[in-house]
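Some notes on the structure that comes next.
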Amino acid sequence: MRLTDVEQAMLAGEMGPSCRWAMDHQMQVGRMFDAAEMVPVSQAHMMADPESLGDAGVGFVEGLAADGARVAVPMITDPRGVDLSHYQPLGQTEEMAALERRFIAACKAMGIMMTDTCITYQTIMPPVFGDHVAYGDTGVVIYSNSVCGARSNFEGGPSALAAGLTGRTPRYGLHLDEHRRATCRFTVESRPRDLMEWGVLGATIGRMAGSYWQVPVIEGIDGPPTSDEIKHFGAAMASWGSTPLFHIVGVTPECRGLADVGGAALAATRVAADELADLSAAFGAAGEAVDVVVFAAPQLSLVEMGQVAALCDGRRRATATDLIVCTSAQVYGDAEAMGYVEAIRSFGGTVLTGTCFYQQYAREIGEANGWTRLLSNSAKIVNILGGYGYRPALATMADCVASAEAGIIVAGQGTETEAG
């Protein structure tokens, strides 16, 4: 790899041991992917929940901080494992919370901003077209690449941290023009009606594409989705297909037409009702008792908080069914001021700040609360939580709230738009 004089100095340790570690790490990643050089980044976003880090990972970050490490570009963080702002443990232990506190202290010492959100593009420093960034969360990466037209690969926690310390990342993958061209083409027959359906469509296309290196181009969607709709669409696609970039003809910024992304010559695969039903059928459980209803993955925007609050207004959850809502600290303040938080809590729901359900020791909290059957409107979260001991089911936002009220999974209450 070609290095600049500054990068050579980092590798030689002239800027401290932390920069030396970071540059060495990035060199190894770059060689793995045949990167010719580094590319400067404007910001970094790190996934580093304590369940993944463990004591050894936290100790490593503390060591970097003790060595005087400081970030070179603005650096923000993904959701935490415990809501420490209101300290609402759902079954997490004090040891888990203590691990979080240690990690947060080390990050702050390095100048990292503890934003604790997976919806950065809706809250903090959304990247601009052509911007090179180093992002970790899959939902953040796919939205930023596809909707904003920025450029990032999926950065693992150490790689994102290294990018924060050096201000650059290896130039490979989606930092290169040639890897942003469409490799597969899908034609959608009907427009989704609500967030759940947008997620199911994204999950279906992601499963069909099936590879990080595939770039789908999608036609047949008439008019732009809302920010929340395309958020669920992309997050589900990334979860089901490891997809970091998609194009929608006439919607996303790099694809005014098929020819812009090399899609005109690709054979089209139709995505019809049968394909969508095939994916969602595995998550149907109408009539069954539900232990917990979860709105998370991604964290909820202010608009979504308002929709949930409107559905909860004047109702009360069943005694045996919990309702969990996860949002960012940036959204929480506005949602509280608007009365959304109080409406959800009056329903009997729990609003968590700076966490996401599957990143907060999902197995342990499920066991602590006796949660097995879980219901959500997120196609991403139902894909993940089967591996944590849950039996996940999928429904619209309106059906999720109605199910929490009834204590059993109900269907046919409408969409969040109709209910709102």
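Following the order of the structure tokens, first chain is A, next is B, and so on, with residues numbered from 1 inside each chain and ligands from 1 in the order they appear.
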
Residues of range 3-65 of chain A that approach range 114-120 of chain A to 12 Å or less, counting only C-alpha atoms: could you list each one with the shortest pair of atoms and its distance in Å to one decimal, rows by chain and increasing residue number, as JSON lines?
{"residue": "A:Gln43", "atom": "CA", "partner": "A:Thr120", "partner_atom": "CA", "distance": 11.5}
{"residue": "A:Ala44", "atom": "CA", "partner": "A:Thr120", "partner_atom": "CA", "distance": 11.0}
{"residue": "A:His45", "atom": "CA", "partner": "A:Thr120", "partner_atom": "CA", "distance": 8.8}
{"residue": "A:Met46", "atom": "CA", "partner": "A:Asp116", "partner_atom": "CA", "distance": 9.3}
{"residue": "A:Met47", "atom": "CA", "partner": "A:Cys118", "partner_atom": "CA", "distance": 9.0}
{"residue": "A:Ala48", "atom": "CA", "partner": "A:Asp116", "partner_atom": "CA", "distance": 9.7}
{"residue": "A:Asp49", "atom": "CA", "partner": "A:Asp116", "partner_atom": "CA", "distance": 9.5}

Checklist entry - Which neighbours of range 311-326 of chain A fall inside 9 Å, counting only C-alpha atoms, when residues of the same chain fewer than 3 positions from it are skipped, and could you give them as a ChimeraX atom specification? => result /A:289-300,305-308,343-357,371,397-398,401-408,416,419-420

Generate a file of the selected residues that holds N, CA and C atoms, formatted as a short mmCIF file (atom, residue, chain, number, x, y, z; two decimals), in the first residue's frame.
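The result, stored in out00.cif:
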data_model
loop_
_atom_site.label_atom_id
_atom_site.label_comp_id
_atom_site.auth_asym_id
_atom_site.auth_seq_id
_atom_site.Cartn_x
_atom_site.Cartn_y
_atom_site.Cartn_z
N ALA A 289 -50.34 -16.10 22.28
CA ALA A 289 -49.98 -15.15 23.33
C ALA A 289 -48.63 -14.52 23.02
N VAL A 290 -48.50 -13.23 23.31
CA VAL A 290 -47.25 -12.52 23.04
C VAL A 290 -46.66 -12.03 24.36
N ASP A 291 -45.38 -12.27 24.56
CA ASP A 291 -44.71 -11.88 25.79
C ASP A 291 -44.22 -10.44 25.76
N VAL A 292 -43.67 -10.03 24.62
CA VAL A 292 -43.10 -8.69 24.53
C VAL A 292 -43.24 -8.16 23.11
N VAL A 293 -43.64 -6.91 23.00
CA VAL A 293 -43.71 -6.20 21.72
C VAL A 293 -42.56 -5.20 21.70
N VAL A 294 -41.79 -5.21 20.62
CA VAL A 294 -40.56 -4.41 20.55
C VAL A 294 -40.59 -3.52 19.33
N PHE A 295 -40.37 -2.24 19.55
CA PHE A 295 -40.12 -1.29 18.47
C PHE A 295 -38.66 -0.86 18.56
N ALA A 296 -37.85 -1.37 17.66
CA ALA A 296 -36.41 -1.12 17.67
C ALA A 296 -35.82 -1.67 16.38
N ALA A 297 -34.52 -1.44 16.21
CA ALA A 297 -33.75 -2.01 15.09
C ALA A 297 -34.36 -1.66 13.73
N PRO A 298 -34.21 -0.43 13.30
CA PRO A 298 -33.46 0.66 13.90
C PRO A 298 -34.23 1.37 15.02
N GLN A 299 -33.47 2.21 15.76
CA GLN A 299 -34.13 3.06 16.75
C GLN A 299 -35.19 3.92 16.08
N LEU A 300 -36.19 4.32 16.84
CA LEU A 300 -37.30 5.06 16.27
C LEU A 300 -36.97 6.53 16.06
N MET A 305 -41.99 7.74 16.81
CA MET A 305 -42.40 7.89 18.21
C MET A 305 -43.81 8.47 18.28
N GLY A 306 -44.09 9.45 17.42
CA GLY A 306 -45.42 10.03 17.39
C GLY A 306 -46.48 9.05 16.94
N GLN A 307 -46.13 8.19 15.98
CA GLN A 307 -47.08 7.19 15.50
C GLN A 307 -47.39 6.16 16.59
N VAL A 308 -46.36 5.68 17.27
CA VAL A 308 -46.59 4.73 18.36
C VAL A 308 -47.42 5.37 19.47
N ALA A 343 -47.29 9.31 26.63
CA ALA A 343 -48.37 8.50 26.06
C ALA A 343 -47.99 7.02 26.03
N ILE A 344 -46.75 6.75 25.66
CA ILE A 344 -46.29 5.36 25.61
C ILE A 344 -46.20 4.79 27.02
N ARG A 345 -45.71 5.57 27.95
CA ARG A 345 -45.60 5.09 29.33
C ARG A 345 -46.99 4.91 29.97
N SER A 346 -47.94 5.77 29.63
CA SER A 346 -49.30 5.61 30.16
C SER A 346 -49.93 4.32 29.65
N PHE A 347 -49.54 3.90 28.47
CA PHE A 347 -49.99 2.63 27.93
C PHE A 347 -49.40 1.45 28.72
N GLY A 348 -48.30 1.71 29.42
CA GLY A 348 -47.57 0.67 30.13
C GLY A 348 -46.29 0.26 29.45
N GLY A 349 -45.88 1.06 28.45
CA GLY A 349 -44.66 0.75 27.72
C GLY A 349 -43.42 1.32 28.40
N THR A 350 -42.29 0.81 28.02
CA THR A 350 -40.99 1.26 28.50
C THR A 350 -40.24 1.91 27.34
N VAL A 351 -39.80 3.14 27.52
CA VAL A 351 -39.03 3.85 26.50
C VAL A 351 -37.57 3.86 26.92
N LEU A 352 -36.73 3.28 26.10
CA LEU A 352 -35.29 3.20 26.39
C LEU A 352 -34.53 4.17 25.50
N THR A 353 -33.50 4.77 26.06
CA THR A 353 -32.71 5.78 25.36
C THR A 353 -31.31 5.27 25.09
N GLY A 354 -30.85 5.40 23.85
CA GLY A 354 -29.47 5.06 23.51
C GLY A 354 -29.17 3.59 23.47
N THR A 355 -30.21 2.75 23.41
CA THR A 355 -30.00 1.32 23.29
C THR A 355 -30.78 0.80 22.08
N CYS A 356 -30.49 -0.44 21.70
CA CYS A 356 -31.32 -1.15 20.74
C CYS A 356 -31.52 -2.56 21.28
N PHE A 357 -32.68 -3.12 21.09
CA PHE A 357 -33.08 -4.31 21.83
C PHE A 357 -32.07 -5.45 21.71
N TRP A 371 -39.49 -13.75 28.54
CA TRP A 371 -39.93 -13.42 27.19
C TRP A 371 -39.49 -14.50 26.21
N MET A 397 -47.19 -1.83 12.69
CA MET A 397 -47.12 -1.08 13.95
C MET A 397 -48.48 -1.09 14.65
N ALA A 398 -49.54 -0.87 13.89
CA ALA A 398 -50.88 -0.86 14.49
C ALA A 398 -51.22 -2.21 15.10
N VAL A 401 -49.30 -2.76 18.48
CA VAL A 401 -49.88 -2.11 19.65
C VAL A 401 -51.18 -2.81 20.05
N ALA A 402 -51.99 -3.16 19.08
CA ALA A 402 -53.23 -3.88 19.39
C ALA A 402 -52.94 -5.22 20.06
N SER A 403 -51.88 -5.88 19.65
CA SER A 403 -51.50 -7.16 20.24
C SER A 403 -51.01 -6.98 21.67
N ALA A 404 -50.27 -5.90 21.91
CA ALA A 404 -49.82 -5.62 23.27
C ALA A 404 -51.03 -5.37 24.18
N GLU A 405 -52.04 -4.71 23.65
CA GLU A 405 -53.26 -4.45 24.42
C GLU A 405 -54.04 -5.73 24.68
N ALA A 406 -54.13 -6.60 23.67
CA ALA A 406 -54.92 -7.83 23.80
C ALA A 406 -54.18 -8.95 24.51
N GLY A 407 -52.86 -8.92 24.45
CA GLY A 407 -52.08 -10.01 25.03
C GLY A 407 -51.91 -11.18 24.10
N ILE A 408 -52.51 -11.10 22.93
CA ILE A 408 -52.34 -12.11 21.89
C ILE A 408 -52.08 -11.40 20.58
N GLU A 416 -49.69 1.98 10.26
CA GLU A 416 -49.45 3.12 11.16
C GLU A 416 -50.01 4.41 10.57
N ALA A 419 -53.78 4.31 11.13
CA ALA A 419 -54.10 4.47 12.55
C ALA A 419 -53.81 5.87 13.04
N GLY A 420 -52.78 6.52 12.44
CA GLY A 420 -52.40 7.86 12.89
C GLY A 420 -53.30 8.93 12.34
#

Next on the checklist: Could you go through range 106-348 of chain A and tell me which residues DSSP, when run on the backbone, assigns to strand (DSSP E or B), listing them as a ChimeraX atom specification?
Outcome noted: /A:113,132,134-135,151,154,168-170,184-188,216-219,247-248,268-271,289,292-300,322-327

Checklist entry - Of the residues A:Ala72, A:Val188, A:Ala65, A:Ala395, which is the one nearest to Ala286 in chain A, using only C-alpha atoms? => result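 The closest residue to Ala286 in chain A is A:Ala395.
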
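Those residues that approach range 32-42 of chain A to within 9 Å, counting only C-alpha atoms, are Met1, Arg2, Leu3, Thr4, Glu7, Gln26, Met27, Gln28, Val73, Pro74, Pro127, Asp131, His132, Val133, Ala134, Ala163, Gly164, Thr166, Gly167, Arg168, Thr169, Pro170, Arg171, Tyr172, Gly173 and His175 of chain A; same-chain residues fewer than 4 positions away are not listed.
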
Item to check | Among the residues A:Tyr212, A:Ile230, A:Gly241, A:Thr183, the one that comes closest to Glu197 in chain A [using only C-alpha atoms] | outcome: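 Closest residue, counting only C-alpha atoms: A:Ile230.
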
Checklist entry - Hey, what does DSSP flag as helix (DSSP H, G or I) within range 214-272 of chain A? Can you give it to me as a list in words? => result Ser227, Asp228, Glu229, Ile230, Lys231, His232, Phe233, Gly234, Ala235, Ala236, Met237, Ala238, Ser239, Trp240, Gly241, Leu258, Ala259, Asp260 and Val261 of chain A

Using C-alpha atoms, can you export the residues from the last selection as an mmCIF file, in the first residue's frame?
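Listing of part-v1.cif after writing:
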data_model
loop_
_atom_site.group_PDB
_atom_site.id
_atom_site.type_symbol
_atom_site.label_atom_id
_atom_site.label_comp_id
_atom_site.auth_asym_id
_atom_site.auth_seq_id
_atom_site.Cartn_x
_atom_site.Cartn_y
_atom_site.Cartn_z
ATOM 1 C CA SER A 227 -36.991 8.522 5.496
ATOM 2 C CA ASP A 228 -38.474 5.914 7.868
ATOM 3 C CA GLU A 229 -39.722 3.706 5.036
ATOM 4 C CA ILE A 230 -36.358 3.583 3.285
ATOM 5 C CA LYS A 231 -34.676 3.168 6.693
ATOM 6 C CA HIS A 232 -36.594 -0.062 7.347
ATOM 7 C CA PHE A 233 -36.100 -1.151 3.743
ATOM 8 C CA GLY A 234 -32.324 -0.748 3.893
ATOM 9 C CA ALA A 235 -31.827 -2.080 7.422
ATOM 10 C CA ALA A 236 -33.691 -5.271 6.541
ATOM 11 C CA MET A 237 -31.762 -5.660 3.283
ATOM 12 C CA ALA A 238 -28.471 -5.334 5.140
ATOM 13 C CA SER A 239 -29.590 -7.825 7.781
ATOM 14 C CA TRP A 240 -30.863 -10.476 5.381
ATOM 15 C CA GLY A 241 -28.302 -10.044 2.612
ATOM 16 C CA LEU A 258 -30.765 2.403 -14.972
ATOM 17 C CA ALA A 259 -27.882 3.383 -17.240
ATOM 18 C CA ASP A 260 -26.335 5.554 -14.511
ATOM 19 C CA VAL A 261 -25.383 2.465 -12.481
#

Item to check | Option closest in space to Asn383 in chain A, from A:Asn145, A:Thr204, A:Ser301, A:Gln330 [counting only C-alpha atoms] | outcome: A:Thr204

Excluding Gly257 in chain A and residues on its chain fewer than 2 positions from it, collect all residues at most 12 Å away from it, counting only C-alpha atoms, and give them as an mmCIF file with N, CA and C atoms, in the first residue's frame.
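Output saved as selection.cif:
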data_model
loop_
_atom_site.group_PDB
_atom_site.id
_atom_site.type_symbol
_atom_site.label_atom_id
_atom_site.label_comp_id
_atom_site.auth_asym_id
_atom_site.auth_seq_id
_atom_site.Cartn_x
_atom_site.Cartn_y
_atom_site.Cartn_z
ATOM 1 N N ALA A 182 -24.285 -1.357 -10.272
ATOM 2 C CA ALA A 182 -25.270 -2.410 -10.020
ATOM 3 C C ALA A 182 -24.770 -3.754 -10.551
ATOM 4 N N VAL A 217 -30.073 -2.962 -8.013
ATOM 5 C CA VAL A 217 -30.771 -1.783 -8.514
ATOM 6 C C VAL A 217 -32.243 -2.173 -8.621
ATOM 7 N N ILE A 218 -33.122 -1.305 -8.133
ATOM 8 C CA ILE A 218 -34.525 -1.647 -7.987
ATOM 9 C C ILE A 218 -35.361 -0.674 -8.802
ATOM 10 N N GLU A 219 -36.256 -1.194 -9.587
ATOM 11 C CA GLU A 219 -37.184 -0.367 -10.357
ATOM 12 C C GLU A 219 -38.617 -0.759 -10.004
ATOM 13 N N GLY A 220 -39.554 0.110 -10.331
ATOM 14 C CA GLY A 220 -40.952 -0.181 -10.059
ATOM 15 C C GLY A 220 -41.498 0.538 -8.842
ATOM 16 N N HIS A 247 -29.508 0.763 -5.168
ATOM 17 C CA HIS A 247 -29.974 1.905 -5.953
ATOM 18 C C HIS A 247 -31.463 1.714 -6.247
ATOM 19 N N ILE A 248 -32.235 2.790 -6.185
ATOM 20 C CA ILE A 248 -33.629 2.779 -6.628
ATOM 21 C C ILE A 248 -33.748 3.786 -7.759
ATOM 22 N N VAL A 249 -34.224 3.319 -8.899
ATOM 23 C CA VAL A 249 -34.293 4.157 -10.086
ATOM 24 C C VAL A 249 -35.167 5.386 -9.816
ATOM 25 N N GLY A 250 -34.600 6.560 -10.063
ATOM 26 C CA GLY A 250 -35.320 7.802 -9.904
ATOM 27 C C GLY A 250 -35.456 8.281 -8.474
ATOM 28 N N VAL A 251 -34.852 7.568 -7.527
ATOM 29 C CA VAL A 251 -34.982 7.918 -6.110
ATOM 30 C C VAL A 251 -33.628 8.192 -5.469
ATOM 31 N N THR A 252 -32.726 7.233 -5.518
ATOM 32 C CA THR A 252 -31.432 7.405 -4.854
ATOM 33 C C THR A 252 -30.502 8.236 -5.744
ATOM 34 N N PRO A 253 -29.558 8.950 -5.162
ATOM 35 C CA PRO A 253 -28.867 10.019 -5.896
ATOM 36 C C PRO A 253 -27.941 9.568 -7.014
ATOM 37 N N GLU A 254 -27.476 8.348 -6.986
ATOM 38 C CA GLU A 254 -26.570 7.890 -8.034
ATOM 39 C C GLU A 254 -27.311 7.255 -9.197
ATOM 40 N N CYS A 255 -28.653 7.185 -9.109
ATOM 41 C CA CYS A 255 -29.411 6.406 -10.089
ATOM 42 C C CYS A 255 -30.643 7.156 -10.573
ATOM 43 N N ALA A 259 -29.190 3.280 -16.595
ATOM 44 C CA ALA A 259 -27.882 3.383 -17.240
ATOM 45 C C ALA A 259 -26.844 4.029 -16.331
ATOM 46 N N ASP A 260 -27.278 4.868 -15.398
ATOM 47 C CA ASP A 260 -26.335 5.554 -14.511
ATOM 48 C C ASP A 260 -25.505 4.579 -13.683
ATOM 49 N N VAL A 261 -26.077 3.434 -13.335
ATOM 50 C CA VAL A 261 -25.383 2.465 -12.481
ATOM 51 C C VAL A 261 -25.100 1.161 -13.219
ATOM 52 N N GLY A 262 -25.215 1.189 -14.547
ATOM 53 C CA GLY A 262 -24.928 -0.005 -15.335
ATOM 54 C C GLY A 262 -25.991 -1.071 -15.234
ATOM 55 N N GLY A 263 -27.232 -0.671 -14.929
ATOM 56 C CA GLY A 263 -28.280 -1.664 -14.731
ATOM 57 C C GLY A 263 -29.054 -2.047 -15.961
ATOM 58 N N ALA A 264 -28.948 -1.271 -17.053
ATOM 59 C CA ALA A 264 -29.783 -1.514 -18.224
ATOM 60 C C ALA A 264 -29.517 -2.873 -18.866
#

Item to check | Nearest-residue call for Cys148 in chain A, choices A:Leu266, A:Ile76, A:Met110, A:Leu245, using only C-alpha atoms | outcome: A:Leu245

Item to check | Residue neighbourhood Leu174 in chain A, 8 Å, only C-alpha atoms, exclusion window fewer than 3 positions, as a list in words | outcome: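 Answer for this query is Arg151, Ser152, Asn153, Asp177, His179 and Arg180 of chain A.
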
Residues as selected, C-alpha atoms, written as a PDB file, in the first residue's frame, can you do that?
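Just written: out.pdb:
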ATOM      1  CA  ARG A 151     -19.093   6.079   0.753  1.00  0.00           C
ATOM      2  CA  SER A 152     -18.373   3.523   3.460  1.00  0.00           C
ATOM      3  CA  ASN A 153     -17.736  -0.168   3.860  1.00  0.00           C
ATOM      4  CA  ASP A 177     -16.473   3.822  -8.277  1.00  0.00           C
ATOM      5  CA  HIS A 179     -17.806  -1.351  -6.798  1.00  0.00           C
ATOM      6  CA  ARG A 180     -20.815   0.979  -6.685  1.00  0.00           C
TER       7      ARG A 180
END

Checklist entry - Looking at only C-alpha atoms, which of A:Lys380, A:Arg102, A:Arg363, A:Arg185 is the one that sits closest to Gly59 in chain A? => result A:Arg102

Checklist entry - Residues at most 8 Å from Ala379 in chain A, counting only C-alpha atoms, excluding those fewer than 2 positions away in the same chain, as a list in words? => result Met196, Gly199, Val200, Ala203, His232, Ala236, Ser376, Asn377, Ile381, Val382, Asn383 and Leu394 of chain A

Next on the checklist: Quick one: residues within 9 Å of Gln359 in chain A, only C-alpha atoms, excluding same-chain residues fewer than 6 positions away - as a ChimeraX atom specification?
Outcome noted: /A:49-52,79-82
